[in-house]
file structure-v8.cif (mmCIF, C-alpha atoms and all ligand atoms)
data_structure
#
loop_
_atom_site.label_atom_id
_atom_site.label_comp_id
_atom_site.auth_asym_id
_atom_site.auth_seq_id
_atom_site.Cartn_x
_atom_site.Cartn_y
_atom_site.Cartn_z
CA MET A 1 0.00 0.00 0.00
CA SER A 2 1.57 3.31 -1.02
CA TRP A 3 1.94 6.27 1.35
CA GLY A 4 -0.64 8.21 -0.66
CA LEU A 5 -3.20 5.42 -0.47
CA LYS A 6 -2.69 5.04 3.29
CA ASN A 7 -2.93 8.80 3.76
CA ARG A 8 -6.19 9.00 1.82
CA LEU A 9 -7.67 6.10 3.78
CA ALA A 10 -6.63 7.80 7.04
CA ARG A 11 -8.63 10.87 6.03
CA ILE A 12 -11.76 8.68 6.03
CA ILE A 13 -11.16 6.17 8.82
CA ARG A 14 -9.91 8.41 11.64
CA PRO A 15 -6.57 7.04 12.92
CA GLU A 16 -7.42 8.16 16.51
CA THR A 17 -10.41 5.82 16.69
CA GLY A 18 -10.06 3.48 13.72
CA ARG A 19 -13.62 4.46 12.79
CA ALA A 20 -15.54 6.52 10.26
CA VAL A 21 -18.95 8.10 9.91
CA MET A 22 -19.51 8.14 6.17
CA LEU A 23 -22.62 9.83 4.83
CA ALA A 24 -23.98 7.85 1.86
CA VAL A 25 -25.90 10.05 -0.58
CA ASP A 26 -25.23 8.09 -3.78
CA HIS A 27 -28.65 6.42 -3.94
CA GLY A 28 -29.79 8.36 -7.02
CA TYR A 29 -27.33 6.47 -9.24
CA PHE A 30 -29.88 3.67 -9.54
CA LEU A 31 -32.93 4.94 -7.60
CA GLY A 32 -33.31 8.38 -9.20
CA PRO A 33 -34.75 11.12 -6.96
CA THR A 34 -34.64 9.21 -3.68
CA SER A 35 -36.90 10.46 -0.91
CA GLY A 36 -34.95 12.96 1.21
CA LEU A 37 -32.41 13.66 -1.53
CA GLU A 38 -34.69 15.31 -4.11
CA ASP A 39 -32.81 18.57 -3.59
CA ALA A 40 -29.36 17.13 -3.02
CA ARG A 41 -27.63 20.39 -2.11
CA THR A 42 -30.16 21.31 0.57
CA ALA A 43 -30.09 17.78 2.00
CA ILE A 44 -26.31 17.35 2.06
CA GLU A 45 -25.01 20.78 3.10
CA PRO A 46 -26.09 20.85 6.78
CA LEU A 47 -24.81 17.29 7.33
CA THR A 48 -21.26 17.63 6.00
CA PRO A 49 -19.73 19.14 9.17
CA TYR A 50 -20.55 15.90 11.00
CA ALA A 51 -19.39 13.43 8.33
CA ASP A 52 -15.91 11.92 8.09
CA ALA A 53 -16.60 11.37 4.38
CA LEU A 54 -19.31 11.87 1.77
CA MET A 55 -20.12 8.99 -0.57
CA LEU A 56 -21.74 10.20 -3.78
CA THR A 57 -21.60 10.28 -7.57
CA ARG A 58 -19.60 12.75 -9.62
CA GLY A 59 -22.81 14.31 -10.94
CA VAL A 60 -24.07 15.26 -7.49
CA LEU A 61 -20.57 16.22 -6.36
CA ARG A 62 -20.19 18.70 -9.23
CA SER A 63 -23.73 20.05 -9.12
CA SER A 64 -24.57 20.07 -5.45
CA VAL A 65 -21.46 20.19 -3.25
CA GLY A 66 -19.35 23.32 -2.85
CA THR A 67 -15.63 23.10 -3.60
CA GLY A 68 -14.92 24.31 -0.06
CA VAL A 69 -16.40 21.15 1.47
CA GLY A 70 -14.20 19.83 4.26
CA ALA A 71 -15.29 16.20 4.22
CA PRO A 72 -13.24 13.80 2.08
CA ILE A 73 -15.06 12.38 -0.93
CA VAL A 74 -15.69 8.69 -1.63
CA LEU A 75 -16.76 8.67 -5.26
CA ARG A 76 -19.23 6.04 -6.46
CA VAL A 77 -17.81 4.83 -9.78
CA SER A 78 -20.07 1.86 -10.53
CA GLY A 79 -23.51 1.93 -12.09
CA GLY A 80 -25.22 1.69 -15.44
CA THR A 81 -28.41 0.06 -14.14
CA SER A 82 -31.64 1.28 -12.56
CA ILE A 83 -34.12 -0.11 -10.07
CA LEU A 84 -36.15 -1.16 -13.15
CA SER A 85 -33.41 -3.41 -14.57
CA GLU A 86 -31.05 -6.21 -13.53
CA LEU A 87 -29.08 -4.44 -10.81
CA SER A 88 -26.01 -6.67 -10.95
CA ASN A 89 -25.28 -5.64 -14.55
CA GLU A 90 -23.06 -2.74 -13.42
CA GLY A 91 -19.93 -1.36 -15.02
CA ILE A 92 -17.43 1.35 -14.14
CA THR A 93 -18.98 4.80 -14.65
CA ALA A 94 -16.11 7.20 -13.99
CA SER A 95 -12.42 7.02 -14.83
CA MET A 96 -9.65 7.12 -12.25
CA GLU A 97 -8.36 10.29 -13.93
CA ASP A 98 -11.68 12.02 -13.32
CA ALA A 99 -11.68 10.79 -9.73
CA ILE A 100 -8.25 12.38 -9.28
CA ARG A 101 -9.43 15.63 -10.92
CA LEU A 102 -12.25 15.62 -8.37
CA ASN A 103 -9.66 15.25 -5.58
CA VAL A 104 -11.38 12.22 -4.11
CA SER A 105 -10.06 10.23 -1.16
CA ALA A 106 -11.45 6.88 -2.35
CA VAL A 107 -13.60 5.32 -5.05
CA ALA A 108 -16.50 2.91 -4.45
CA LEU A 109 -17.92 0.11 -6.53
CA SER A 110 -20.58 -2.52 -5.89
CA ILE A 111 -19.89 -6.22 -6.21
CA PHE A 112 -22.78 -8.65 -6.65
CA VAL A 113 -21.60 -11.99 -5.28
CA GLY A 114 -23.96 -14.80 -6.27
CA ALA A 115 -25.87 -12.65 -8.75
CA GLU A 116 -26.19 -12.97 -12.50
CA HIS A 117 -23.30 -10.61 -13.29
CA GLU A 118 -21.04 -11.58 -10.39
CA ARG A 119 -17.96 -12.14 -12.57
CA GLN A 120 -18.27 -8.82 -14.37
CA THR A 121 -18.52 -6.88 -11.10
CA LEU A 122 -15.62 -8.74 -9.49
CA LEU A 123 -13.42 -8.11 -12.52
CA SER A 124 -14.42 -4.44 -12.42
CA LEU A 125 -13.24 -4.40 -8.82
CA THR A 126 -9.85 -5.80 -9.77
CA GLN A 127 -9.52 -3.26 -12.60
CA LEU A 128 -10.33 -0.45 -10.20
CA VAL A 129 -7.86 -1.77 -7.62
CA ASP A 130 -5.11 -1.83 -10.26
CA GLU A 131 -5.86 1.76 -11.24
CA GLY A 132 -6.20 2.83 -7.61
CA GLU A 133 -2.82 1.29 -6.73
CA ARG A 134 -1.26 3.18 -9.64
CA TYR A 135 -2.41 6.55 -8.26
CA GLY A 136 -2.70 5.85 -4.53
CA ILE A 137 -6.51 5.85 -4.40
CA PRO A 138 -8.22 3.36 -2.03
CA VAL A 139 -11.14 1.30 -3.29
CA LEU A 140 -14.28 0.68 -1.24
CA ALA A 141 -16.09 -2.51 -2.29
CA VAL A 142 -19.82 -2.42 -1.57
CA THR A 143 -21.28 -5.89 -1.09
CA ALA A 144 -24.59 -5.32 -2.84
CA VAL A 145 -27.24 -7.87 -1.99
CA GLY A 146 -29.77 -9.01 -4.59
CA ARG A 147 -33.48 -9.00 -3.85
CA ASP A 148 -33.62 -12.73 -3.05
CA MET A 149 -30.39 -13.04 -1.10
CA VAL A 150 -30.19 -13.68 2.61
CA ARG A 151 -28.08 -11.15 4.49
CA ASP A 152 -26.53 -13.62 6.92
CA ALA A 153 -22.98 -13.98 8.22
CA ARG A 154 -22.26 -16.88 5.91
CA TYR A 155 -23.09 -14.92 2.78
CA LEU A 156 -21.72 -11.54 3.91
CA SER A 157 -18.41 -13.00 5.07
CA LEU A 158 -18.08 -14.69 1.67
CA ALA A 159 -18.67 -11.40 -0.14
CA CYS A 160 -16.45 -9.31 2.16
CA ARG A 161 -13.59 -11.78 2.05
CA ILE A 162 -13.71 -11.97 -1.74
CA ALA A 163 -13.62 -8.16 -1.92
CA ALA A 164 -10.57 -8.06 0.35
CA GLU A 165 -8.82 -10.87 -1.52
CA LEU A 166 -9.28 -8.96 -4.77
CA GLY A 167 -7.61 -5.93 -3.23
CA ALA A 168 -10.31 -3.62 -1.83
CA SER A 169 -8.88 -1.29 0.84
CA PHE A 170 -12.13 -1.36 2.81
CA VAL A 171 -15.52 -2.99 2.48
CA LYS A 172 -19.09 -1.90 3.05
CA THR A 173 -21.65 -4.50 3.99
CA TYR A 174 -24.73 -5.03 6.15
CA TYR A 175 -24.93 -5.76 9.84
CA CYS A 176 -26.15 -9.28 10.65
CA ASP A 177 -26.29 -11.80 13.49
CA ASP A 178 -22.82 -13.20 14.20
CA PHE A 179 -21.28 -10.08 12.65
CA GLU A 180 -17.93 -10.77 14.39
CA ARG A 181 -17.48 -13.62 11.95
CA VAL A 182 -17.75 -11.20 9.02
CA VAL A 183 -15.21 -8.81 10.57
CA GLU A 184 -12.80 -11.45 11.81
CA THR A 185 -12.56 -13.18 8.44
CA CYS A 186 -12.11 -9.93 6.50
CA PRO A 187 -8.54 -8.58 6.63
CA VAL A 188 -9.53 -4.99 5.78
CA PRO A 189 -11.86 -2.57 7.66
CA VAL A 190 -15.60 -3.20 7.34
CA VAL A 191 -18.21 -0.42 7.53
CA ILE A 192 -21.94 -1.03 7.52
CA ALA A 193 -24.77 0.43 5.45
CA GLY A 194 -27.84 1.53 7.34
CA GLY A 195 -30.36 0.00 4.97
CA LYS A 196 -34.02 1.01 4.83
CA LYS A 197 -35.27 3.74 7.16
CA LEU A 198 -35.83 2.49 10.70
CA PRO A 199 -37.17 4.31 13.74
CA GLU A 200 -34.26 6.48 14.91
CA ARG A 201 -33.60 4.56 18.11
CA GLU A 202 -33.35 1.27 16.17
CA ALA A 203 -30.94 2.83 13.67
CA LEU A 204 -28.74 3.99 16.55
CA GLU A 205 -28.90 0.48 18.06
CA LEU A 206 -27.79 -0.88 14.69
CA ALA A 207 -24.79 1.48 14.54
CA HIS A 208 -23.98 0.68 18.18
CA ASP A 209 -24.16 -3.10 17.69
CA ALA A 210 -22.03 -2.84 14.56
CA VAL A 211 -19.15 -0.94 16.16
CA VAL A 212 -19.30 -3.00 19.35
CA HIS A 213 -18.96 -6.12 17.18
CA GLY A 214 -15.99 -4.81 15.22
CA ALA A 215 -17.21 -2.53 12.43
CA ALA A 216 -14.93 0.36 11.51
CA GLY A 217 -17.99 2.58 11.38
CA VAL A 218 -20.95 3.25 9.18
CA ASP A 219 -21.65 4.40 5.64
CA MET A 220 -25.21 5.43 6.38
CA GLY A 221 -27.73 7.20 4.19
CA ARG A 222 -31.50 6.82 4.53
CA ASN A 223 -31.49 6.55 8.30
CA ILE A 224 -29.90 9.99 8.37
CA PHE A 225 -31.30 12.01 5.46
CA GLN A 226 -34.82 10.55 5.75
CA SER A 227 -34.99 11.30 9.49
CA ASP A 228 -37.27 14.07 10.72
CA ASN A 229 -34.10 15.56 12.25
CA PRO A 230 -31.20 14.71 9.91
CA VAL A 231 -28.65 16.90 11.69
CA GLY A 232 -29.65 15.50 15.08
CA MET A 233 -29.45 12.00 13.66
CA ILE A 234 -25.98 12.32 12.15
CA ARG A 235 -24.74 13.90 15.39
CA ALA A 236 -26.22 10.94 17.27
CA VAL A 237 -24.65 8.40 14.92
CA ARG A 238 -21.35 10.22 15.25
CA ALA A 239 -21.56 10.07 19.05
CA VAL A 240 -22.05 6.29 18.87
CA VAL A 241 -19.32 5.64 16.32
CA GLN A 242 -16.62 8.12 17.26
CA ASP A 243 -17.30 8.76 20.96
CA ASN A 244 -18.60 5.34 22.07
CA ALA A 245 -21.82 6.98 23.30
CA SER A 246 -24.59 4.77 24.62
CA VAL A 247 -27.77 4.44 22.58
CA ASP A 248 -29.66 6.44 25.24
CA ASP A 249 -27.19 9.34 25.13
CA ALA A 250 -27.12 9.31 21.34
CA PHE A 251 -30.91 9.21 21.15
CA ALA A 252 -31.06 12.27 23.40
CA LEU A 253 -28.80 14.10 20.91
CA TYR A 254 -31.14 13.14 18.05
CA GLN A 255 -34.12 14.41 20.03
CA GLU A 256 -32.60 17.88 20.44
CA GLY A 257 -34.45 19.94 17.87
CA VAL A 258 -37.23 17.44 17.14
CA THR A 259 -40.56 19.26 17.22
CA VAL A 260 -43.07 17.31 19.28
CA GLN A 261 -46.43 17.11 17.48
CA ALA A 262 -49.37 18.25 19.68
C1 LIG B 1 -26.20 1.52 -2.50
C2 LIG B 1 -25.26 2.12 -1.55
C3 LIG B 1 -25.80 3.08 -0.54
O1 LIG B 1 -24.87 4.08 -0.37
C4 LIG B 1 -26.03 2.31 0.72
O2 LIG B 1 -27.11 1.49 0.59
C5 LIG B 1 -25.97 3.14 2.01
O3 LIG B 1 -27.08 3.77 2.25
P1 LIG B 1 -28.21 3.27 3.26
O4 LIG B 1 -27.67 3.52 4.65
O5 LIG B 1 -29.36 4.16 2.90
O6 LIG B 1 -28.46 1.80 3.04
O7 LIG B 1 -24.11 1.85 -1.54
O8 LIG B 1 -25.61 0.43 -3.12
#
call {"tool": "encode", "arguments": {"input": "structure-v8.cif", "output": "structure tokens", "more": "lines below"}}
Ligand code: 5RP
result
Amino acid sequence: MSWGLKNRLARIIRPETGRAVMLAVDHGYFLGPTSGLEDARTAIEPLTPYADALMLTRGVLRSSVGTGVGAPIVLRVSGGTSILSELSNEGITASMEDAIRLNVSAVALSIFVGAEHERQTLLSLTQLVDEGERYGIPVLAVTAVGRDMVRDARYLSLACRIAAELGASFVKTYYCDDFERVVETCPVPVVIAGGKKLPEREALELAHDAVVHGAAGVDMGRNIFQSDNPVGMIRAVRAVVQDNASVDDAFALYQEGVTVQA
């Protein structure tokens, strides 16, 4: 691993804690105008001070994020499909040169282990890792799960380990029962996605369970930007991940600023 690659990774996963709060706002690349992100600029701007990294596409980065943004960028560079098509049929959607022009700290690509286009996505990962190694850019492999796939430790450890074996610098997956097995068998840091919107307390429990069981943090989207208090929610997630706050203390942070309906 080159110095540059390690340095970029250390911008995202804080060396003091070994953890990261990544804000995932890349959903539009296959979902279109996702609820909560319709006006990307308005949704993202107030959250960036609390994020260790922003994960998004180059289109939203250029159109909706100011060049003065402090948070490092994790650029989604896979896509080519929509929610209406076969999701695993992804390719690489941005070149490494463009990623460098955009001054990103990492690039992200989904792999679809066990899906129709598994091979294509795994070979895209290896291509990206080769290019990333050339320029010192870390690659985040996202273990995308098909509609019919079970998100259990057996499957997720298979997908995470394959991603690491093929050279990913870090991996994003889902939390599951027996999550330690996923982390312990994956030689690179693992962060978790939040998944579908949950009640805020449950989302904080998810983040808490994940870091307690070895996750290097979260790459969370809907449970933050679809909350009725997105700033309170990202502050609460941050307290759990970076400050080891209890779920109760984090939930109290979320509740600051929530308007109680009469
Ligand atoms: C889609 C992604 C999303 O960024 C990911 O699902 C994280 O967002 P959420 O917390 O909303 O699940 O990588 O493939």
call {"tool": "closest_atom_pairs", "arguments": {"input": "structure-v8.cif", "of": "chain A", "to": "ligand LIG 1 (chain B)", "cutoff": "9 Å", "atoms": "only C-alpha atoms and all ligand atoms", "output": "Markdown table"}}
result
| residue | atom | partner | partner_atom | distance |
| --- | --- | --- | --- | --- |
| A:Leu23 | CA | B:LIG1 | O3 | 8.0 |
| A:Ala24 | CA | B:LIG1 | O1 | 4.5 |
| A:Val25 | CA | B:LIG1 | O1 | 6.1 |
| A:Asp26 | CA | B:LIG1 | O1 | 5.3 |
| A:His27 | CA | B:LIG1 | C3 | 5.6 |
| A:Gly28 | CA | B:LIG1 | C1 | 9.0 |
| A:Tyr29 | CA | B:LIG1 | C1 | 8.4 |
| A:Phe30 | CA | B:LIG1 | C1 | 8.2 |
| A:Met55 | CA | B:LIG1 | O1 | 6.8 |
| A:Leu56 | CA | B:LIG1 | O1 | 7.7 |
| A:Arg76 | CA | B:LIG1 | O7 | 8.1 |
| A:Ala108 | CA | B:LIG1 | O7 | 8.2 |
| A:Leu109 | CA | B:LIG1 | O7 | 8.1 |
| A:Ser110 | CA | B:LIG1 | O8 | 6.5 |
| A:Val142 | CA | B:LIG1 | O7 | 6.1 |
| A:Thr143 | CA | B:LIG1 | O8 | 7.9 |
| A:Ala144 | CA | B:LIG1 | O8 | 5.8 |
| A:Val145 | CA | B:LIG1 | O8 | 8.5 |
| A:Lys172 | CA | B:LIG1 | O7 | 7.8 |
| A:Thr173 | CA | B:LIG1 | C4 | 8.7 |
| A:Tyr174 | CA | B:LIG1 | O6 | 8.4 |
| A:Ile192 | CA | B:LIG1 | O4 | 7.9 |
| A:Ala193 | CA | B:LIG1 | O4 | 4.3 |
| A:Gly194 | CA | B:LIG1 | O4 | 3.4 |
| A:Gly195 | CA | B:LIG1 | O6 | 3.3 |
| A:Lys196 | CA | B:LIG1 | O6 | 5.9 |
| A:Lys197 | CA | B:LIG1 | O5 | 7.3 |
| A:Val218 | CA | B:LIG1 | O4 | 8.1 |
| A:Asp219 | CA | B:LIG1 | C5 | 5.8 |
| A:Met220 | CA | B:LIG1 | O4 | 3.6 |
| A:Gly221 | CA | B:LIG1 | O5 | 3.7 |
| A:Arg222 | CA | B:LIG1 | O5 | 3.8 |
| A:Asn223 | CA | B:LIG1 | O4 | 6.1 |
| A:Ile224 | CA | B:LIG1 | O4 | 7.8 |
| A:Phe225 | CA | B:LIG1 | O5 | 8.5 |
| A:Gln226 | CA | B:LIG1 | O5 | 8.9 |
call {"tool": "atom_distance", "arguments": {"input": "structure-v8.cif", "atom1": "CA of Met96 in chain A", "atom2": "CA of Met1 in chain A"}}
result
17.1 Å
call {"tool": "closest_atom_pairs", "arguments": {"input": "structure-v8.cif", "of": "range 101-196 of chain A", "to": "range 2-7 of chain A", "cutoff": "12 Å", "atoms": "only C-alpha atoms", "output": "Markdown table"}}
result
| residue | atom | partner | partner_atom | distance |
| --- | --- | --- | --- | --- |
| A:Val104 | CA | A:Leu5 | CA | 11.2 |
| A:Ser105 | CA | A:Leu5 | CA | 8.4 |
| A:Ala106 | CA | A:Leu5 | CA | 8.6 |
| A:Val107 | CA | A:Leu5 | CA | 11.4 |
| A:Val129 | CA | A:Leu5 | CA | 11.2 |
| A:Glu131 | CA | A:Leu5 | CA | 11.7 |
| A:Gly132 | CA | A:Leu5 | CA | 8.2 |
| A:Glu133 | CA | A:Ser2 | CA | 7.5 |
| A:Arg134 | CA | A:Ser2 | CA | 9.1 |
| A:Tyr135 | CA | A:Leu5 | CA | 7.9 |
| A:Gly136 | CA | A:Leu5 | CA | 4.1 |
| A:Ile137 | CA | A:Leu5 | CA | 5.2 |
| A:Pro138 | CA | A:Leu5 | CA | 5.6 |
| A:Val139 | CA | A:Leu5 | CA | 9.4 |
| A:Ala168 | CA | A:Leu5 | CA | 11.6 |
| A:Ser169 | CA | A:Leu5 | CA | 8.9 |
| A:Phe170 | CA | A:Lys6 | CA | 11.4 |
call {"tool": "axis_aligned_box", "arguments": {"input": "structure-v8.cif", "around": "range 179-188 of chain A", "padding_each_side": "8 Å", "output": "lines of an AutoDock Vina configuration file"}}
result
center_x = -14.9
center_y = -9.3
center_z = 10.1
size_x = 28.7
size_y = 24.6
size_z = 24.6
call {"tool": "closest_residue", "arguments": {"input": "structure-v8.cif", "among": "A:Ala216, A:Ala210, A:Leu87, A:Val182", "to": "Glu118 in chain A", "atoms": "all atoms listed in the file"}}
result
A:Leu87
call {"tool": "closest_residue", "arguments": {"input": "structure-v8.cif", "among": "A:Gly70, A:Gly79, A:Gly146, A:Gly32", "to": "Glu116 in chain A", "atoms": "only C-alpha atoms"}}
result
A:Gly146
call {"tool": "closest_residue", "arguments": {"input": "structure-v8.cif", "among": "A:Gly232, A:Gly66, A:Gly214, A:Pro189", "to": "Thr42 in chain A", "atoms": "only C-alpha atoms"}}
result
A:Gly66
call {"tool": "build_atoms", "arguments": {"input": "structure-v8.cif", "residues": "range 179-212 of chain A", "atoms": "N, CA and C atoms", "output": "PDB file, keeping the file's coordinate frame"}}
result
ATOM      1  N   PHE A 179     -22.041 -11.016  13.488  1.00  0.00           N
ATOM      2  CA  PHE A 179     -21.280 -10.080  12.650  1.00  0.00           C
ATOM      3  C   PHE A 179     -19.768 -10.202  12.890  1.00  0.00           C
ATOM      4  N   GLU A 180     -19.375 -10.611  14.116  1.00  0.00           N
ATOM      5  CA  GLU A 180     -17.930 -10.770  14.390  1.00  0.00           C
ATOM      6  C   GLU A 180     -17.286 -11.684  13.350  1.00  0.00           C
ATOM      7  N   ARG A 181     -18.031 -12.678  12.930  1.00  0.00           N
ATOM      8  CA  ARG A 181     -17.480 -13.620  11.950  1.00  0.00           C
ATOM      9  C   ARG A 181     -17.146 -12.903  10.634  1.00  0.00           C
ATOM     10  N   VAL A 182     -17.996 -11.964  10.249  1.00  0.00           N
ATOM     11  CA  VAL A 182     -17.750 -11.200   9.020  1.00  0.00           C
ATOM     12  C   VAL A 182     -16.486 -10.371   9.174  1.00  0.00           C
ATOM     13  N   VAL A 183     -16.358  -9.697  10.337  1.00  0.00           N
ATOM     14  CA  VAL A 183     -15.210  -8.810  10.570  1.00  0.00           C
ATOM     15  C   VAL A 183     -13.925  -9.617  10.735  1.00  0.00           C
ATOM     16  N   GLU A 184     -14.014 -10.687  11.494  1.00  0.00           N
ATOM     17  CA  GLU A 184     -12.800 -11.450  11.810  1.00  0.00           C
ATOM     18  C   GLU A 184     -12.226 -12.168  10.595  1.00  0.00           C
ATOM     19  N   THR A 185     -13.060 -12.461   9.622  1.00  0.00           N
ATOM     20  CA  THR A 185     -12.560 -13.180   8.440  1.00  0.00           C
ATOM     21  C   THR A 185     -12.280 -12.223   7.274  1.00  0.00           C
ATOM     22  N   CYS A 186     -12.371 -10.917   7.547  1.00  0.00           N
ATOM     23  CA  CYS A 186     -12.110  -9.930   6.500  1.00  0.00           C
ATOM     24  C   CYS A 186     -10.872  -9.129   6.919  1.00  0.00           C
ATOM     25  N   PRO A 187      -9.780  -9.214   6.166  1.00  0.00           N
ATOM     26  CA  PRO A 187      -8.540  -8.580   6.630  1.00  0.00           C
ATOM     27  C   PRO A 187      -8.456  -7.073   6.419  1.00  0.00           C
ATOM     28  N   VAL A 188      -9.520  -6.454   5.933  1.00  0.00           N
ATOM     29  CA  VAL A 188      -9.530  -4.990   5.780  1.00  0.00           C
ATOM     30  C   VAL A 188     -10.736  -4.447   6.563  1.00  0.00           C
ATOM     31  N   PRO A 189     -10.747  -3.126   6.870  1.00  0.00           N
ATOM     32  CA  PRO A 189     -11.860  -2.570   7.660  1.00  0.00           C
ATOM     33  C   PRO A 189     -13.208  -2.763   6.973  1.00  0.00           C
ATOM     34  N   VAL A 190     -14.223  -2.992   7.821  1.00  0.00           N
ATOM     35  CA  VAL A 190     -15.600  -3.200   7.340  1.00  0.00           C
ATOM     36  C   VAL A 190     -16.483  -2.098   7.923  1.00  0.00           C
ATOM     37  N   VAL A 191     -17.205  -1.391   7.061  1.00  0.00           N
ATOM     38  CA  VAL A 191     -18.210  -0.420   7.530  1.00  0.00           C
ATOM     39  C   VAL A 191     -19.585  -0.953   7.131  1.00  0.00           C
ATOM     40  N   ILE A 192     -20.608  -0.503   7.839  1.00  0.00           N
ATOM     41  CA  ILE A 192     -21.940  -1.030   7.520  1.00  0.00           C
ATOM     42  C   ILE A 192     -22.831   0.043   6.881  1.00  0.00           C
ATOM     43  N   ALA A 193     -23.695  -0.409   5.988  1.00  0.00           N
ATOM     44  CA  ALA A 193     -24.770   0.430   5.450  1.00  0.00           C
ATOM     45  C   ALA A 193     -25.899   0.440   6.468  1.00  0.00           C
ATOM     46  N   GLY A 194     -26.713   1.478   6.409  1.00  0.00           N
ATOM     47  CA  GLY A 194     -27.840   1.530   7.340  1.00  0.00           C
ATOM     48  C   GLY A 194     -29.026   0.730   6.856  1.00  0.00           C
ATOM     49  N   GLY A 195     -29.196   0.669   5.527  1.00  0.00           N
ATOM     50  CA  GLY A 195     -30.360   0.000   4.970  1.00  0.00           C
ATOM     51  C   GLY A 195     -31.592   0.892   5.026  1.00  0.00           C
ATOM     52  N   LYS A 196     -32.752   0.257   4.861  1.00  0.00           N
ATOM     53  CA  LYS A 196     -34.020   1.010   4.830  1.00  0.00           C
ATOM     54  C   LYS A 196     -34.222   1.803   6.108  1.00  0.00           C
ATOM     55  N   LYS A 197     -35.007   2.865   6.002  1.00  0.00           N
ATOM     56  CA  LYS A 197     -35.270   3.740   7.160  1.00  0.00           C
ATOM     57  C   LYS A 197     -35.909   2.954   8.294  1.00  0.00           C
ATOM     58  N   LEU A 198     -35.324   3.116   9.471  1.00  0.00           N
ATOM     59  CA  LEU A 198     -35.830   2.490  10.700  1.00  0.00           C
ATOM     60  C   LEU A 198     -36.232   3.620  11.653  1.00  0.00           C
ATOM     61  N   PRO A 199     -37.012   3.316  12.680  1.00  0.00           N
ATOM     62  CA  PRO A 199     -37.170   4.310  13.740  1.00  0.00           C
ATOM     63  C   PRO A 199     -35.778   4.697  14.258  1.00  0.00           C
ATOM     64  N   GLU A 200     -35.605   5.964  14.609  1.00  0.00           N
ATOM     65  CA  GLU A 200     -34.260   6.480  14.910  1.00  0.00           C
ATOM     66  C   GLU A 200     -33.538   5.664  15.989  1.00  0.00           C
ATOM     67  N   ARG A 201     -34.264   5.311  17.027  1.00  0.00           N
ATOM     68  CA  ARG A 201     -33.600   4.560  18.110  1.00  0.00           C
ATOM     69  C   ARG A 201     -33.050   3.226  17.589  1.00  0.00           C
ATOM     70  N   GLU A 202     -33.822   2.561  16.731  1.00  0.00           N
ATOM     71  CA  GLU A 202     -33.350   1.270  16.170  1.00  0.00           C
ATOM     72  C   GLU A 202     -32.124   1.467  15.278  1.00  0.00           C
ATOM     73  N   ALA A 203     -32.110   2.567  14.536  1.00  0.00           N
ATOM     74  CA  ALA A 203     -30.940   2.830  13.670  1.00  0.00           C
ATOM     75  C   ALA A 203     -29.704   3.089  14.528  1.00  0.00           C
ATOM     76  N   LEU A 204     -29.884   3.754  15.652  1.00  0.00           N
ATOM     77  CA  LEU A 204     -28.740   3.990  16.550  1.00  0.00           C
ATOM     78  C   LEU A 204     -28.296   2.675  17.202  1.00  0.00           C
ATOM     79  N   GLU A 205     -29.258   1.809  17.521  1.00  0.00           N
ATOM     80  CA  GLU A 205     -28.900   0.480  18.060  1.00  0.00           C
ATOM     81  C   GLU A 205     -28.096  -0.310  17.029  1.00  0.00           C
ATOM     82  N   LEU A 206     -28.505  -0.187  15.770  1.00  0.00           N
ATOM     83  CA  LEU A 206     -27.790  -0.880  14.690  1.00  0.00           C
ATOM     84  C   LEU A 206     -26.340  -0.394  14.611  1.00  0.00           C
ATOM     85  N   ALA A 207     -26.158   0.918  14.617  1.00  0.00           N
ATOM     86  CA  ALA A 207     -24.790   1.480  14.540  1.00  0.00           C
ATOM     87  C   ALA A 207     -23.996   1.037  15.774  1.00  0.00           C
ATOM     88  N   HIS A 208     -24.633   1.062  16.929  1.00  0.00           N
ATOM     89  CA  HIS A 208     -23.980   0.680  18.180  1.00  0.00           C
ATOM     90  C   HIS A 208     -23.547  -0.786  18.129  1.00  0.00           C
ATOM     91  N   ASP A 209     -24.477  -1.657  17.759  1.00  0.00           N
ATOM     92  CA  ASP A 209     -24.160  -3.100  17.690  1.00  0.00           C
ATOM     93  C   ASP A 209     -23.017  -3.344  16.707  1.00  0.00           C
ATOM     94  N   ALA A 210     -23.047  -2.624  15.595  1.00  0.00           N
ATOM     95  CA  ALA A 210     -22.030  -2.840  14.560  1.00  0.00           C
ATOM     96  C   ALA A 210     -20.641  -2.491  15.085  1.00  0.00           C
ATOM     97  N   VAL A 211     -20.497  -1.319  15.712  1.00  0.00           N
ATOM     98  CA  VAL A 211     -19.150  -0.940  16.160  1.00  0.00           C
ATOM     99  C   VAL A 211     -18.704  -1.797  17.357  1.00  0.00           C
ATOM    100  N   VAL A 212     -19.652  -2.135  18.214  1.00  0.00           N
ATOM    101  CA  VAL A 212     -19.300  -3.000  19.350  1.00  0.00           C
ATOM    102  C   VAL A 212     -18.801  -4.364  18.836  1.00  0.00           C
TER     103      VAL A 212
END
